[in-house]
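What follows is one structure encoded as structure tokens, with my remarks underneath.
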Amino acid sequence: MNSEREMIELCLKNDVRAQELFYRQYAGKMFGVCLRYAGNPMEAEDILQEGFIRTFLNLHHFRFEGSLEGWIRRTMVNTAINHYKKQLKFQKEVEIREAVTFATNQEDVLSKLSTEELLGIIRELPTGYRTVFNLYVMEGYTHKEIGDLLGISENTSKSQFSRARNAIMNNLLKINAVRKSEPIR
Amino acid sequence: MSMEENHNIENKFREVFAGFEKDPPERVWEGLKNVLHPAPKHVGFWSGLTHGTRHMRMVRISSIAAMAAIILFLLFMWFSYGNHRIIRGHAYAGDERLMRGTAYLFRVEDKARPFDSVRHYLSATVDEKGSYKFINVAPGKYLLRVVPDAASGISKNFQPSWFDQREGPEEAHLIHVGSEDLFVDVHLVPGRNIPPR
């Protein structure tokens with residue numbers, strides 16, 4: 001298989017080898033995306049699988065005009081949004097107490113955290129906050145666009161984002177406090 | 001919290017997750033492959049009743065119920081009519097076959113008074129070839145009477161007759177229906193205006 005176009009054409013013919021190659025080429029990056037939107041790794045696996053199913057089913061819509069990775073990423077994000085909408089039917093958002101004071105320099109804490117720890121902080125957010133935070137910070141959508149995507153108002157998106165950020169700050173404070181109390185080895 | 005602090009946090013997340021990759025477990029690909037290329041399913045009888053969508057289960061159960069109803073109906077019919085027989089034959093007017101008429105079968109209920117206890121059981125048309133047929137005749141004793149059709153012209157020369165060539169039921173021969181189909185020819189009694197041979 002010489003090119004991306006050839007791989008896509010074989011995928012469109014339902015060639016399992018091409019589909020596997022396609023999947024393995026993008027699975028790692030897309031799983032990273034899904035992990036940010038999901039509440040736990042199992043949920044991320046579900047979103048990833050569903051996202052790839054949608055990708056293969058809609059591959060004939062890809063016009064080779066932009067980046068394939070970007071196109072797949074948008075499909076994954078849309079799948080995650082659908083997942084979020086389904087979840088809204090079954091769970092009630094948990095209100096998070098807003099952080100009132102931020103005593104320390106958060107940058108110090110942030111710079112010491114690993115990717116997994118940051119991922120853990122995102123995962124701890126309620127689904128709605130997490131989705132808005134991801135769409136605004138990572139995908140670069142405006143609050144107006146997020147409102148349209150999630151079926152909420154622009155102001156709700158802003159408020160959810162603000163609460164998400166406060167929740168993250170709260171968690172950073174807690175982590176900072178725990179680290180300070182740990183004995184120096 | 002200052003605007004600058006907010007932007008620092010957002011930038012930190014962007015920076016960390018921009019190139020973030022993690023290999024998913026192999027089961028994700030296996031599941032995906034199964035969805036894209038499902039293996040043909042061999043659904044067993046009982047698992048077919050408990051697996052699949054609710055609609056599919058209902059369709060299967062309904063099909064089985066319909067088949068069971070048909071089998072029960074066929075069994076009922078077999079027990080009801082399985083031991084029933086056919087009486088068939090021809091009606092003759094002299095040496096010729098009777099051209100149209102009606103055959104009547106009477107069941108004899110009382111063995112002690114055979115000719116006082118007859119009751120009509122079945123009727124059949126005698127066709128243009130002189131043939132008649134009674135189907136689904138239960139085992140027992142019967143009397144058979146053939147009446148020529150008035151339009152056939154034969155009724156002028158031959159009388160309605162009992163099997164075989166008898167004018168009245170008292171003289172008629174009994175037909176015994178048992179375990180086999182019967183072939184019975186009926187000869188009509190000549191009319192009074194027909195000169196004897």
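Ordering of the structure tokens sets the chain letters (A, B, ...), residue numbers begin anew at 1 in every chain, and ligands are numbered from 1 in the order given.
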Quick one: which residues from chain A are at most 7 Å off chain B, using only C-alpha atoms, as a PDB file with N, CA and C atoms, in the first residue's frame?
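Final output, selection.pdb:
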ATOM      1  N   ALA A  27      -5.033   4.934  15.812  1.00  0.00           N
ATOM      2  CA  ALA A  27      -5.670   4.523  17.075  1.00  0.00           C
ATOM      3  C   ALA A  27      -5.050   5.222  18.289  1.00  0.00           C
ATOM      4  N   GLY A  28      -3.691   5.299  18.336  1.00  0.00           N
ATOM      5  CA  GLY A  28      -3.023   5.896  19.494  1.00  0.00           C
ATOM      6  C   GLY A  28      -3.436   7.349  19.702  1.00  0.00           C
ATOM      7  N   LYS A  29      -3.368   8.127  18.618  1.00  0.00           N
ATOM      8  CA  LYS A  29      -3.718   9.555  18.728  1.00  0.00           C
ATOM      9  C   LYS A  29      -5.187   9.729  19.112  1.00  0.00           C
ATOM     10  N   PHE A  31      -7.123   7.570  20.624  1.00  0.00           N
ATOM     11  CA  PHE A  31      -7.400   7.100  21.987  1.00  0.00           C
ATOM     12  C   PHE A  31      -7.044   8.218  22.984  1.00  0.00           C
ATOM     13  N   GLY A  32      -5.985   8.968  22.666  1.00  0.00           N
ATOM     14  CA  GLY A  32      -5.616  10.122  23.488  1.00  0.00           C
ATOM     15  C   GLY A  32      -6.753  11.133  23.549  1.00  0.00           C
ATOM     16  N   GLU A  45     -12.564   3.548  25.481  1.00  0.00           N
ATOM     17  CA  GLU A  45     -12.497   2.458  24.497  1.00  0.00           C
ATOM     18  C   GLU A  45     -13.793   2.386  23.686  1.00  0.00           C
ATOM     19  N   GLN A  49     -14.010   2.919  19.697  1.00  0.00           N
ATOM     20  CA  GLN A  49     -14.553   1.896  18.785  1.00  0.00           C
ATOM     21  C   GLN A  49     -15.718   2.467  17.955  1.00  0.00           C
ATOM     22  N   ILE A  53     -15.956   3.061  13.902  1.00  0.00           N
ATOM     23  CA  ILE A  53     -17.062   2.509  13.102  1.00  0.00           C
ATOM     24  C   ILE A  53     -17.659   3.629  12.244  1.00  0.00           C
ATOM     25  N   PHE A 102      -7.310  31.303  45.496  1.00  0.00           N
ATOM     26  CA  PHE A 102      -6.185  30.577  44.902  1.00  0.00           C
ATOM     27  C   PHE A 102      -4.920  31.160  45.488  1.00  0.00           C
ATOM     28  N   THR A 115       1.398  13.783  32.521  1.00  0.00           N
ATOM     29  CA  THR A 115       0.234  13.768  31.628  1.00  0.00           C
ATOM     30  C   THR A 115      -0.891  12.937  32.232  1.00  0.00           C
ATOM     31  N   VAL A 137     -10.758  24.363  25.081  1.00  0.00           N
ATOM     32  CA  VAL A 137      -9.293  24.461  25.217  1.00  0.00           C
ATOM     33  C   VAL A 137      -8.563  23.657  24.144  1.00  0.00           C
ATOM     34  N   MET A 138      -8.994  22.410  23.947  1.00  0.00           N
ATOM     35  CA  MET A 138      -8.232  21.520  23.070  1.00  0.00           C
ATOM     36  C   MET A 138      -8.648  21.618  21.601  1.00  0.00           C
TER      37      MET A 138
END
Name the residues in contact with Met76 (chain A) at a cut-off of 9 Å, using only C-alpha atoms, excluding same-chain residues fewer than 3 positions from it; report them as a PDB file with N, CA and C atoms, in the first residue's frame.
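New file result28.pdb:
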ATOM      1  N   MET A  30      -6.025   8.905  18.491  1.00  0.00           N
ATOM      2  CA  MET A  30      -7.461   9.063  18.741  1.00  0.00           C
ATOM      3  C   MET A  30      -7.842   8.564  20.139  1.00  0.00           C
ATOM      4  N   VAL A  33      -7.390  11.359  22.417  1.00  0.00           N
ATOM      5  CA  VAL A  33      -8.530  12.286  22.366  1.00  0.00           C
ATOM      6  C   VAL A  33      -9.678  11.738  23.218  1.00  0.00           C
ATOM      7  N   CYS A  34      -9.967  10.454  23.001  1.00  0.00           N
ATOM      8  CA  CYS A  34     -11.115   9.830  23.701  1.00  0.00           C
ATOM      9  C   CYS A  34     -10.904   9.833  25.216  1.00  0.00           C
ATOM     10  N   ILE A  47     -15.878   4.859  23.107  1.00  0.00           N
ATOM     11  CA  ILE A  47     -15.950   6.007  22.191  1.00  0.00           C
ATOM     12  C   ILE A  47     -15.027   5.776  20.998  1.00  0.00           C
ATOM     13  N   LEU A  48     -13.839   5.234  21.276  1.00  0.00           N
ATOM     14  CA  LEU A  48     -12.869   4.990  20.200  1.00  0.00           C
ATOM     15  C   LEU A  48     -13.442   4.000  19.177  1.00  0.00           C
ATOM     16  N   GLU A  50     -16.609   3.134  18.649  1.00  0.00           N
ATOM     17  CA  GLU A  50     -17.755   3.723  17.949  1.00  0.00           C
ATOM     18  C   GLU A  50     -17.291   4.780  16.933  1.00  0.00           C
ATOM     19  N   GLY A  51     -16.275   5.545  17.340  1.00  0.00           N
ATOM     20  CA  GLY A  51     -15.744   6.575  16.452  1.00  0.00           C
ATOM     21  C   GLY A  51     -15.140   5.973  15.191  1.00  0.00           C
ATOM     22  N   PHE A  52     -14.411   4.870  15.334  1.00  0.00           N
ATOM     23  CA  PHE A  52     -13.832   4.226  14.147  1.00  0.00           C
ATOM     24  C   PHE A  52     -14.909   3.588  13.278  1.00  0.00           C
ATOM     25  N   ARG A  54     -17.898   4.779  12.883  1.00  0.00           N
ATOM     26  CA  ARG A  54     -18.453   5.920  12.138  1.00  0.00           C
ATOM     27  C   ARG A  54     -17.487   6.390  11.067  1.00  0.00           C
ATOM     28  N   THR A  55     -16.185   6.338  11.399  1.00  0.00           N
ATOM     29  CA  THR A  55     -15.181   6.765  10.416  1.00  0.00           C
ATOM     30  C   THR A  55     -15.237   5.871   9.183  1.00  0.00           C
ATOM     31  N   TRP A  71      -9.799  15.039  10.069  1.00  0.00           N
ATOM     32  CA  TRP A  71     -11.164  14.562   9.764  1.00  0.00           C
ATOM     33  C   TRP A  71     -11.576  13.461  10.748  1.00  0.00           C
ATOM     34  N   ILE A  72     -10.638  12.530  11.005  1.00  0.00           N
ATOM     35  CA  ILE A  72     -10.938  11.438  11.953  1.00  0.00           C
ATOM     36  C   ILE A  72     -11.135  12.015  13.362  1.00  0.00           C
ATOM     37  N   ARG A  73     -10.302  12.984  13.682  1.00  0.00           N
ATOM     38  CA  ARG A  73     -10.384  13.599  15.010  1.00  0.00           C
ATOM     39  C   ARG A  73     -11.755  14.248  15.222  1.00  0.00           C
ATOM     40  N   THR A  79     -18.361  11.858  18.122  1.00  0.00           N
ATOM     41  CA  THR A  79     -18.814  10.634  18.795  1.00  0.00           C
ATOM     42  C   THR A  79     -18.830  10.845  20.309  1.00  0.00           C
ATOM     43  N   ALA A  80     -17.784  11.517  20.793  1.00  0.00           N
ATOM     44  CA  ALA A  80     -17.710  11.793  22.241  1.00  0.00           C
ATOM     45  C   ALA A  80     -18.868  12.703  22.661  1.00  0.00           C
ATOM     46  N   ILE A  81     -19.200  13.662  21.804  1.00  0.00           N
ATOM     47  CA  ILE A  81     -20.316  14.577  22.117  1.00  0.00           C
ATOM     48  C   ILE A  81     -21.636  13.792  22.171  1.00  0.00           C
TER      49      ILE A  81
END
Open item on the list: Please compute the CA of Pro126 (chain A)-CA of Arg179 (chain A) distance, one decimal, in Å.
Closed with: 24.6 Å
- [ ] Write out as a ChimeraX atom specification each polymer residue whose atoms come within 6 Å of region 141-148 of chain B, counting only C-alpha atoms; drop sequence neighbours fewer than 2 positions from it.
- [x] /B:101-108,155,160-163,174-176
- [ ] Output as number ranges by chain all residues of region 2-194 of chain B that backbone DSSP marks as strand (DSSP E or B).
- [x] B: 85-93, 96-97, 101-108, 118-126, 131-137, 140-148, 158-159, 161-162, 166, 175-177, 182-183, 186-187, 189-190
Region 130-132 of chain A: which residues within 8 Å, counting only C-alpha atoms, same-chain residues fewer than 4 positions away excluded, as a short mmCIF file (atom, residue, chain, number, x, y, z; two decimals) with C-alpha atoms, in the first residue's frame?
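The new file result14.cif reads:
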data_model
loop_
_atom_site.label_atom_id
_atom_site.label_comp_id
_atom_site.auth_asym_id
_atom_site.auth_seq_id
_atom_site.Cartn_x
_atom_site.Cartn_y
_atom_site.Cartn_z
CA ARG A 36 -9.82 13.31 27.57
CA TYR A 37 -13.53 13.15 26.88
CA ILE A 81 -20.32 14.58 22.12
CA TYR A 84 -22.09 12.91 26.38
CA ILE A 122 -9.88 16.12 33.58
CA ARG A 123 -11.55 12.77 34.18
CA LEU A 125 -14.73 16.65 36.11
CA PRO A 126 -18.44 16.04 35.60
CA TYR A 136 -12.89 25.07 24.20
CA ILE A 146 -20.00 24.67 21.68
CA SER A 157 -21.15 26.93 27.83
CA GLN A 160 -19.68 25.36 32.49
CA PHE A 161 -16.21 26.24 31.27
CA ALA A 164 -14.58 23.36 34.95
#
Task: Near-Phe64 (chain A) list (10 Å; only C-alpha atoms; drop same-chain fewer than 3 positions) as a VMD selection string - done: chain A and resid 4 to 5 8 61 67 to 68 71
TODO: Write down as JSON, numbers by chain the residues of chain A whose backbone DSSP state falls under helix (DSSP H, G or I).
DONE: {"A": [4, 5, 6, 7, 8, 9, 10, 11, 12, 16, 17, 18, 19, 20, 21, 22, 23, 24, 25, 26, 27, 28, 29, 30, 31, 32, 33, 34, 35, 36, 37, 41, 42, 43, 44, 45, 46, 47, 48, 49, 50, 51, 52, 53, 54, 55, 56, 57, 59, 60, 61, 68, 69, 70, 71, 72, 73, 74, 75, 76, 77, 78, 79, 80, 81, 82, 83, 84, 85, 86, 87, 88, 89, 90, 106, 107, 108, 109, 110, 111, 112, 115, 116, 117, 118, 119, 120, 121, 122, 123, 124, 127, 128, 129, 130, 131, 132, 133, 134, 135, 136, 137, 138, 143, 144, 145, 146, 147, 148, 149, 150, 154, 155, 156, 157, 158, 159, 160, 161, 162, 163, 164, 165, 166, 167, 168, 169, 170, 171, 172, 173, 174, 175, 176, 177, 178, 179, 180, 181]}
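Proximity of A:Ile175, A:Asn14, A:Gly140, A:Arg24 to Lys112 (chain A), computed with only C-alpha atoms, is greatest for A:Ile175.
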Open item on the list: Could you list, as a ChimeraX atom specification, every residue within 7 Å of region 87-100 of chain B, counting only C-alpha atoms and ignoring same-chain residues fewer than 3 positions away?
Closed with: /B:126-135,148-149,152,158,181-188
